[in-house]
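Down below is the structure, laid out as structure tokens.
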Amino acid sequence: MLFLALLVVFQLGTLKPAVDIDWVDSVAEGGIAFMTLIWLLTTLIMRPKGTVTNLLFFGLSAMHITLLLDFLDEFFTFSKHHSWLSSLEAFPAVVGMILMSLAMYYWGQEQRVLNHLLTKKERFYRTHGLHDFITGLYRADYMKRQIEQELIKLANTSNCFCIALFDIKGFALFNQRYGSIRANNLLFDIGQIITLNLRNTDLACRFASDRFIVLLPNTSHLEATYITKQVANMVAQHTPYDQNQAKTGFSQVHWHCVEAADTDTLSNLLTELNQGLEQQKRATTV
């Protein structure tokens, strides 16, 4: 785009005499064009690849073309046959503004997702000593404390709650094939996907190795089962286990969900959760 604009101006325009050039205006317009180029390069360097970056890139590029043509207009004059060029120099800026407006919209969507994630992890930032360094989630010790508190509430208020356990199928083989670095990255991605697809009141923790546990307060078993299935589906769809193999939906994630009773203890709940998950894994294998 830049090369084409320069080519058209140099081919169709005639250089003005030095005495006819407004140097103050030229410096100001050249400075503005230069700053848009700086913004353009900064966008490419600082932002990750994606829709927002692409829209910002093309929007700023169009704005830069208009400002560059306006700057060159101080040095070149055009005949009556080519006067249309001066009339159209603002057109790229209009296109650029439209693209940048779209970029702002998608950028807002992007920030809402990030803010949603940070809100869910607010307690994590308060208590650094209880988090898992690989996934960024809380450890199992923290989850056990939260379950015990929910059991106390259940005995006093009869507010039901559920616990779900996720097991990542084939994780040990993935770890052996690709190494611990990619395996840890995979666990981190799974932790983020689980967190993003839970409600603000839910709590996700890394339970052990490739297992994740989720606490769903004030939730019936039917509702918790639906949420757990949706989370498992999102993990299965968005986690790249092996780019050379097709994904097979829920087969990448085993899960089980139980509802606590007022007579349950922490030990009983965890035992029931693990036994149910093992039964589901055996049933899936068969």
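Every chain in the structure tokens has a letter given in the order shown (A, B, ...), and although residue numbers restart at 1 in each chain, ligands are simply numbered from 1 in the order shown.
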Determine, counting only C-alpha atoms, which protein, DNA and RNA residues have an atom within 9 Å of an atom of Leu269 of chain A; residues of the same chain fewer than 2 positions away are not included. Present the result as a VMD selection string. chain A and resid 163 258 to 260 264 to 267 271 to 274
I need the chosen residues saved as a PDB file, in the first residue's frame, with C-alpha atoms.
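The resulting file, again-v5.pdb, is reproduced below:
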ATOM      1  CA  ILE A 163     -18.034 -31.417  43.547  1.00  0.00           C
ATOM      2  CA  VAL A 258     -21.328 -35.874  43.205  1.00  0.00           C
ATOM      3  CA  GLU A 259     -23.691 -33.953  45.473  1.00  0.00           C
ATOM      4  CA  ALA A 260     -22.833 -33.611  49.149  1.00  0.00           C
ATOM      5  CA  ASP A 264     -20.945 -36.646  54.413  1.00  0.00           C
ATOM      6  CA  THR A 265     -17.396 -35.942  55.461  1.00  0.00           C
ATOM      7  CA  LEU A 266     -14.533 -34.639  53.371  1.00  0.00           C
ATOM      8  CA  SER A 267     -12.991 -38.091  53.192  1.00  0.00           C
ATOM      9  CA  THR A 271     -13.593 -41.307  48.047  1.00  0.00           C
ATOM     10  CA  GLU A 272     -16.974 -41.285  46.304  1.00  0.00           C
ATOM     11  CA  LEU A 273     -15.667 -38.854  43.709  1.00  0.00           C
ATOM     12  CA  ASN A 274     -12.580 -40.936  42.912  1.00  0.00           C
TER      13      ASN A 274
END
Residues within 10 Å of Leu15 of chain A, please, as number ranges by chain. Count only C-alpha atoms; anything in the same chain fewer than 3 positions from it doesn't count. A: 9-10, 18, 21, 72-78
Spatial neighbours of Lys281 of chain A, 10 Å, only C-alpha atoms, chain gap at least 6 places, as a list in words: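 Everything that qualifies: Asp167, Lys169, Ser251, Val253, His254, Trp255, His256 and Gln275 of chain A.
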What does the distance between atom CA of Trp23 of chain A and atom CA of Leu68 of chain A come to in Å, to one decimal place?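 Between these atoms lies a distance of 15.2 Å.
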Check segment 92-272 of chain A with DSSP on the backbone and list each residue it calls strand (DSSP E), as a PyMOL selection string. chain A and resi 161-168+203-208+211-217+253-259
Using only C-alpha atoms, what table do you get, as a tab-separated table, when you list each residue of segment 205-231 of chain A with an atom no more than 12 Å from segment 172-190 of chain A, its nearest pair of atoms, and their distance in Å rounded to one decimal, rows by chain then rising number?
residue	atom	partner	partner_atom	distance
A:Cys205	CA	A:Ile190	CA	11.2
A:Arg206	CA	A:Leu187	CA	9.2
A:Phe207	CA	A:Leu187	CA	11.7
A:Ala208	CA	A:Leu187	CA	11.1
A:Ser209	CA	A:Leu187	CA	8.9
A:Asp210	CA	A:Leu187	CA	7.0
A:Arg211	CA	A:Leu187	CA	9.3
A:Phe212	CA	A:Ile190	CA	9.0
A:Val231	CA	A:Ile190	CA	10.1
Please list as a compact mmCIF listing (two decimals) with N, CA, C and O atoms, in the first residue's frame every residue within 12 Å of segment 194-199 of chain A, counting only C-alpha atoms and excluding residues in the same chain fewer than 5 positions away.
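For reference, selection.txt as written:
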# COMPACT_ATOMS: atom_id res chain seq x y z
N ARG A 112 -13.06 -8.11 28.19
CA ARG A 112 -14.09 -8.68 29.05
C ARG A 112 -13.76 -10.12 29.42
O ARG A 112 -13.98 -10.56 30.55
N VAL A 113 -13.21 -10.87 28.46
CA VAL A 113 -12.81 -12.25 28.75
C VAL A 113 -11.69 -12.27 29.78
O VAL A 113 -11.70 -13.06 30.73
N LEU A 114 -10.70 -11.39 29.60
CA LEU A 114 -9.59 -11.33 30.54
C LEU A 114 -10.06 -10.90 31.93
O LEU A 114 -9.62 -11.46 32.94
N ASN A 115 -10.93 -9.91 31.99
CA ASN A 115 -11.45 -9.47 33.28
C ASN A 115 -12.27 -10.57 33.96
O ASN A 115 -12.24 -10.72 35.18
N HIS A 116 -13.00 -11.34 33.14
CA HIS A 116 -13.77 -12.46 33.67
C HIS A 116 -12.84 -13.47 34.32
O HIS A 116 -13.11 -13.99 35.41
N LEU A 117 -11.72 -13.76 33.66
CA LEU A 117 -10.75 -14.71 34.20
C LEU A 117 -10.13 -14.18 35.49
O LEU A 117 -9.98 -14.92 36.47
N LEU A 118 -9.76 -12.90 35.51
CA LEU A 118 -9.15 -12.32 36.70
C LEU A 118 -10.12 -12.29 37.87
O LEU A 118 -9.72 -12.50 39.03
N THR A 119 -11.40 -12.05 37.60
CA THR A 119 -12.40 -12.05 38.66
C THR A 119 -12.51 -13.42 39.29
O THR A 119 -12.61 -13.56 40.52
N LYS A 120 -12.50 -14.45 38.45
CA LYS A 120 -12.59 -15.82 38.95
C LYS A 120 -11.38 -16.20 39.80
O LYS A 120 -11.46 -17.02 40.69
N LYS A 121 -10.23 -15.58 39.50
CA LYS A 121 -8.99 -15.94 40.20
C LYS A 121 -8.62 -14.92 41.26
O LYS A 121 -7.47 -14.85 41.69
N GLU A 122 -9.59 -14.11 41.71
CA GLU A 122 -9.29 -13.04 42.66
C GLU A 122 -8.70 -13.60 43.95
O GLU A 122 -7.73 -13.08 44.49
N THR A 135 -0.33 -24.68 36.86
CA THR A 135 -1.63 -24.30 36.29
C THR A 135 -2.10 -22.90 36.70
O THR A 135 -2.97 -22.33 36.06
N GLY A 136 -1.54 -22.37 37.79
CA GLY A 136 -2.01 -21.10 38.30
C GLY A 136 -3.27 -21.21 39.14
O GLY A 136 -3.77 -20.20 39.64
N LEU A 137 -3.78 -22.43 39.33
CA LEU A 137 -4.96 -22.66 40.16
C LEU A 137 -4.52 -22.96 41.59
O LEU A 137 -3.35 -23.13 41.88
N TYR A 138 -5.52 -23.04 42.49
CA TYR A 138 -5.22 -23.46 43.85
C TYR A 138 -4.86 -24.94 43.90
O TYR A 138 -5.23 -25.71 43.01
N ALA A 164 -17.04 -31.75 41.36
CA ALA A 164 -16.77 -32.46 40.11
C ALA A 164 -15.27 -32.71 40.00
O ALA A 164 -14.45 -31.90 40.44
N LEU A 165 -14.94 -33.85 39.41
CA LEU A 165 -13.54 -34.22 39.21
C LEU A 165 -13.31 -34.52 37.74
O LEU A 165 -14.09 -35.25 37.11
N PHE A 166 -12.25 -33.95 37.17
CA PHE A 166 -11.90 -34.15 35.77
C PHE A 166 -10.57 -34.89 35.69
O PHE A 166 -9.63 -34.57 36.42
N LEU A 187 -1.35 -28.55 30.79
CA LEU A 187 -2.07 -28.45 32.06
C LEU A 187 -2.50 -27.02 32.33
O LEU A 187 -3.61 -26.77 32.82
N PHE A 188 -1.63 -26.08 32.02
CA PHE A 188 -1.97 -24.66 32.21
C PHE A 188 -3.16 -24.28 31.34
O PHE A 188 -4.11 -23.63 31.80
N ASP A 189 -3.14 -24.70 30.06
CA ASP A 189 -4.23 -24.38 29.15
C ASP A 189 -5.55 -24.98 29.64
O ASP A 189 -6.60 -24.32 29.60
N ALA A 204 -12.17 -23.73 40.90
CA ALA A 204 -11.42 -24.81 40.25
C ALA A 204 -10.03 -24.91 40.87
O ALA A 204 -9.38 -23.90 41.12
N CYS A 205 -9.58 -26.13 41.11
CA CYS A 205 -8.25 -26.38 41.67
C CYS A 205 -7.62 -27.57 40.94
O CYS A 205 -8.32 -28.41 40.37
N ARG A 206 -6.30 -27.61 40.99
CA ARG A 206 -5.61 -28.81 40.50
C ARG A 206 -5.58 -29.80 41.65
O ARG A 206 -5.06 -29.53 42.72
N ARG A 211 -5.42 -34.30 37.14
CA ARG A 211 -6.80 -34.24 37.63
C ARG A 211 -7.10 -32.84 38.16
O ARG A 211 -6.28 -32.23 38.83
N PHE A 212 -8.32 -32.37 37.86
CA PHE A 212 -8.79 -31.07 38.31
C PHE A 212 -10.11 -31.26 39.06
O PHE A 212 -10.95 -32.06 38.65
N ILE A 213 -10.25 -30.53 40.16
CA ILE A 213 -11.46 -30.64 40.97
C ILE A 213 -12.16 -29.29 41.01
O ILE A 213 -11.51 -28.24 41.04
N VAL A 214 -13.49 -29.31 40.96
CA VAL A 214 -14.28 -28.08 40.90
C VAL A 214 -15.35 -28.14 41.99
O VAL A 214 -16.06 -29.14 42.13
N LEU A 215 -15.46 -27.05 42.75
CA LEU A 215 -16.49 -26.90 43.77
C LEU A 215 -17.60 -26.01 43.22
O LEU A 215 -17.34 -24.90 42.74
N LEU A 216 -18.85 -26.50 43.29
CA LEU A 216 -20.00 -25.76 42.77
C LEU A 216 -20.98 -25.50 43.92
O LEU A 216 -21.84 -26.33 44.21
N PRO A 217 -20.87 -24.36 44.61
CA PRO A 217 -21.74 -24.07 45.75
C PRO A 217 -23.18 -23.78 45.31
O PRO A 217 -23.42 -23.33 44.19
N ASN A 218 -24.10 -24.05 46.21
CA ASN A 218 -25.53 -23.76 45.97
C ASN A 218 -26.00 -24.29 44.62
O ASN A 218 -26.66 -23.60 43.84
N THR A 219 -25.65 -25.53 44.35
CA THR A 219 -25.94 -26.13 43.04
C THR A 219 -26.49 -27.53 43.22
O THR A 219 -25.90 -28.34 43.95
N GLU A 223 -28.04 -29.62 37.92
CA GLU A 223 -27.38 -28.43 37.37
C GLU A 223 -25.87 -28.61 37.31
O GLU A 223 -25.23 -28.23 36.34
N ALA A 224 -25.30 -29.21 38.36
CA ALA A 224 -23.85 -29.42 38.39
C ALA A 224 -23.41 -30.39 37.29
O ALA A 224 -22.35 -30.21 36.67
N TYR A 226 -24.85 -30.79 34.39
CA TYR A 226 -24.90 -30.05 33.12
C TYR A 226 -23.66 -29.16 32.96
O TYR A 226 -23.03 -29.14 31.91
N ILE A 227 -23.31 -28.43 34.02
CA ILE A 227 -22.14 -27.55 33.96
C ILE A 227 -20.87 -28.36 33.73
O ILE A 227 -20.01 -27.99 32.92
N THR A 228 -20.75 -29.48 34.43
CA THR A 228 -19.56 -30.33 34.31
C THR A 228 -19.41 -30.87 32.89
O THR A 228 -18.31 -30.89 32.33
N LYS A 229 -20.52 -31.29 32.30
CA LYS A 229 -20.48 -31.78 30.92
C LYS A 229 -20.05 -30.68 29.96
O LYS A 229 -19.26 -30.91 29.04
N GLN A 230 -20.55 -29.47 30.17
CA GLN A 230 -20.18 -28.36 29.30
C GLN A 230 -18.70 -28.03 29.43
O GLN A 230 -18.02 -27.77 28.42
N VAL A 231 -18.19 -28.04 30.64
CA VAL A 231 -16.76 -27.77 30.85
C VAL A 231 -15.92 -28.85 30.19
O VAL A 231 -14.92 -28.55 29.52
N ALA A 232 -16.30 -30.10 30.38
CA ALA A 232 -15.55 -31.20 29.76
C ALA A 232 -15.57 -31.08 28.24
O ALA A 232 -14.57 -31.36 27.57
N ASN A 233 -16.69 -30.67 27.70
CA ASN A 233 -16.81 -30.50 26.26
C ASN A 233 -15.87 -29.41 25.76
O ASN A 233 -15.20 -29.56 24.73
N MET A 234 -15.80 -28.29 26.49
CA MET A 234 -14.93 -27.19 26.09
C MET A 234 -13.46 -27.60 26.16
O MET A 234 -12.66 -27.25 25.30
N VAL A 235 -13.10 -28.34 27.19
CA VAL A 235 -11.71 -28.82 27.30
C VAL A 235 -11.38 -29.74 26.14
O VAL A 235 -10.32 -29.64 25.52
N ALA A 236 -12.31 -30.65 25.83
CA ALA A 236 -12.07 -31.60 24.75
C ALA A 236 -11.97 -30.91 23.39
O ALA A 236 -11.19 -31.33 22.53
N GLN A 237 -12.72 -29.83 23.19
CA GLN A 237 -12.74 -29.15 21.90
C GLN A 237 -11.55 -28.22 21.71
O GLN A 237 -11.07 -28.06 20.59
N HIS A 238 -11.08 -27.62 22.77
CA HIS A 238 -10.09 -26.54 22.64
C HIS A 238 -8.69 -26.91 23.11
O HIS A 238 -7.81 -26.07 23.12
N THR A 239 -8.49 -28.14 23.53
CA THR A 239 -7.17 -28.53 23.98
C THR A 239 -6.46 -29.32 22.90
O THR A 239 -6.89 -30.41 22.53
N VAL A 253 -11.55 -36.42 27.99
CA VAL A 253 -11.77 -36.01 29.37
C VAL A 253 -12.73 -36.98 30.06
O VAL A 253 -13.85 -37.21 29.59
Give me, as a short mmCIF file (atom, residue, chain, number, x, y, z; two decimals) with C-alpha atoms, in the first residue's frame, the residues of segment 86-231 of chain A that a backbone DSSP run labels alpha helix (DSSP H).
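Generated output (selection_28.cif):
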data_model
loop_
_atom_site.label_atom_id
_atom_site.label_comp_id
_atom_site.auth_asym_id
_atom_site.auth_seq_id
_atom_site.Cartn_x
_atom_site.Cartn_y
_atom_site.Cartn_z
CA SER A 86 -6.06 15.13 -4.08
CA SER A 87 -9.79 14.58 -3.74
CA LEU A 88 -9.39 10.90 -2.85
CA PHE A 91 -10.71 8.04 1.50
CA PRO A 92 -8.17 5.61 3.05
CA ALA A 93 -8.60 7.40 6.40
CA VAL A 94 -12.36 6.70 6.33
CA VAL A 95 -11.71 3.00 5.71
CA GLY A 96 -9.04 3.03 8.41
CA MET A 97 -11.39 4.55 10.97
CA ILE A 98 -14.02 1.90 10.24
CA LEU A 99 -11.45 -0.88 10.68
CA MET A 100 -10.12 0.64 13.89
CA SER A 101 -13.66 1.00 15.25
CA LEU A 102 -14.15 -2.73 14.67
CA ALA A 103 -10.81 -3.33 16.36
CA MET A 104 -11.97 -1.37 19.41
CA TYR A 105 -15.14 -3.46 19.58
CA TYR A 106 -13.28 -6.78 19.47
CA TRP A 107 -10.66 -5.39 21.85
CA GLY A 108 -13.46 -4.69 24.32
CA GLN A 109 -14.66 -8.29 23.95
CA GLU A 110 -11.11 -9.49 24.53
CA GLN A 111 -10.78 -7.39 27.70
CA ARG A 112 -14.09 -8.68 29.05
CA VAL A 113 -12.81 -12.25 28.75
CA LEU A 114 -9.59 -11.33 30.54
CA ASN A 115 -11.45 -9.47 33.28
CA HIS A 116 -13.77 -12.46 33.67
CA LEU A 117 -10.75 -14.71 34.20
CA LEU A 118 -9.15 -12.32 36.70
CA THR A 119 -12.40 -12.05 38.66
CA LYS A 120 -12.59 -15.82 38.95
CA GLU A 122 -9.29 -13.04 42.66
CA ARG A 123 -8.80 -15.23 45.71
CA PHE A 124 -5.71 -16.72 44.11
CA TYR A 125 -3.96 -13.35 44.13
CA ARG A 126 -4.71 -12.91 47.81
CA ALA A 140 -5.86 -29.57 46.56
CA ASP A 141 -5.18 -28.43 50.17
CA TYR A 142 -7.07 -25.19 49.55
CA MET A 143 -9.96 -27.05 47.93
CA LYS A 144 -10.23 -29.39 50.93
CA ARG A 145 -10.60 -26.38 53.24
CA GLN A 146 -13.32 -24.92 51.04
CA ILE A 147 -15.20 -28.24 50.96
CA GLU A 148 -15.08 -28.47 54.75
CA GLN A 149 -16.53 -24.95 55.00
CA GLU A 150 -19.30 -25.89 52.58
CA LEU A 151 -20.07 -28.97 54.67
CA ILE A 152 -20.49 -26.74 57.73
CA LYS A 153 -22.83 -24.46 55.77
CA LEU A 154 -24.77 -27.50 54.54
CA ALA A 155 -25.35 -28.69 58.10
CA ASN A 156 -26.58 -25.26 59.18
CA THR A 157 -28.48 -23.97 56.15
CA PHE A 171 -1.88 -37.36 29.69
CA ALA A 172 0.91 -39.71 30.82
CA LEU A 173 1.48 -40.79 27.21
CA PHE A 174 1.47 -37.14 26.09
CA ASN A 175 4.07 -36.34 28.75
CA GLN A 176 6.31 -39.20 27.61
CA ARG A 177 5.99 -38.31 23.93
CA TYR A 178 6.43 -34.51 24.09
CA SER A 180 7.44 -32.07 30.59
CA ILE A 181 7.48 -28.53 29.13
CA ARG A 182 4.68 -29.17 26.64
CA ALA A 183 2.85 -31.27 29.23
CA ASN A 184 2.97 -28.42 31.76
CA ASN A 185 1.77 -25.98 29.10
CA LEU A 186 -1.10 -28.34 28.38
CA LEU A 187 -2.07 -28.45 32.06
CA PHE A 188 -1.97 -24.66 32.21
CA ASP A 189 -4.23 -24.38 29.15
CA ILE A 190 -6.69 -26.87 30.60
CA GLY A 191 -6.78 -24.98 33.89
CA GLN A 192 -7.59 -21.73 32.08
CA ILE A 193 -10.31 -23.36 29.95
CA ILE A 194 -11.97 -24.88 33.02
CA THR A 195 -11.85 -21.57 34.90
CA LEU A 196 -13.27 -19.54 32.01
CA HIS A 221 -26.76 -32.38 41.16
CA LEU A 222 -28.71 -31.95 37.92
CA GLU A 223 -27.38 -28.43 37.37
CA ALA A 224 -23.85 -29.42 38.39
CA THR A 225 -23.89 -32.35 35.96
CA TYR A 226 -24.90 -30.05 33.12
CA ILE A 227 -22.14 -27.55 33.96
CA THR A 228 -19.56 -30.33 34.31
CA LYS A 229 -20.48 -31.78 30.92
CA GLN A 230 -20.18 -28.36 29.30
CA VAL A 231 -16.76 -27.77 30.85
#
Contacts of Leu40 of chain A within 9 Å, only C-alpha atoms, excl. fewer than 3 positions in-chain, as a list in words: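 My reading of the contact set: Met35, Thr36, Leu37, Thr43, Leu44, Ile45, Leu56, Phe57, Phe58, Leu60, Ser61 and His64 of chain A.
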How would the residues just chosen look if you wrote them out with N, CA, C and O atoms as a compact mmCIF listing (two decimals), in the first residue's frame?
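Generated file (selection_26.txt):
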# COMPACT_ATOMS: atom_id res chain seq x y z
N MET A 35 4.40 9.51 13.14
CA MET A 35 3.89 8.94 14.38
C MET A 35 2.92 7.79 14.13
O MET A 35 2.90 6.81 14.87
N THR A 36 2.10 7.90 13.08
CA THR A 36 1.21 6.77 12.77
C THR A 36 2.02 5.54 12.36
O THR A 36 1.63 4.41 12.65
N LEU A 37 3.16 5.77 11.71
CA LEU A 37 4.03 4.64 11.36
C LEU A 37 4.61 4.00 12.62
O LEU A 37 4.71 2.78 12.73
N THR A 43 2.21 -1.69 17.30
CA THR A 43 1.11 -2.65 17.33
C THR A 43 1.59 -4.04 16.93
O THR A 43 1.24 -5.04 17.57
N LEU A 44 2.40 -4.11 15.89
CA LEU A 44 2.91 -5.40 15.43
C LEU A 44 3.85 -6.04 16.44
O LEU A 44 3.90 -7.26 16.58
N ILE A 45 4.62 -5.21 17.15
CA ILE A 45 5.61 -5.74 18.09
C ILE A 45 4.96 -6.15 19.41
O ILE A 45 5.27 -7.22 19.96
N LEU A 56 -6.28 -3.52 13.68
CA LEU A 56 -5.48 -2.34 14.02
C LEU A 56 -4.41 -2.09 12.96
O LEU A 56 -4.15 -0.94 12.59
N PHE A 57 -3.80 -3.16 12.48
CA PHE A 57 -2.73 -3.03 11.48
C PHE A 57 -3.26 -2.40 10.19
O PHE A 57 -2.71 -1.41 9.70
N PHE A 58 -4.35 -2.93 9.66
CA PHE A 58 -4.88 -2.40 8.40
C PHE A 58 -5.52 -1.02 8.59
O PHE A 58 -5.44 -0.17 7.70
N LEU A 60 -4.58 1.31 10.87
CA LEU A 60 -3.48 2.27 10.99
C LEU A 60 -2.75 2.45 9.65
O LEU A 60 -2.28 3.55 9.34
N SER A 61 -2.66 1.37 8.88
CA SER A 61 -2.02 1.48 7.56
C SER A 61 -2.79 2.43 6.66
O SER A 61 -2.21 3.27 5.97
N HIS A 64 -2.26 5.90 7.79
CA HIS A 64 -0.90 6.34 7.43
C HIS A 64 -0.84 6.74 5.95
O HIS A 64 -0.16 7.72 5.60
Could you state the separation of atom CA of Phe161 of chain A and atom CA of Leu130 of chain A in Å, given to one decimal place? 22.6 Å
What is the distance, in Å and to one decimal place, between atom CA of Phe34 of chain A and atom CA of Phe71 of chain A? 10.2 Å
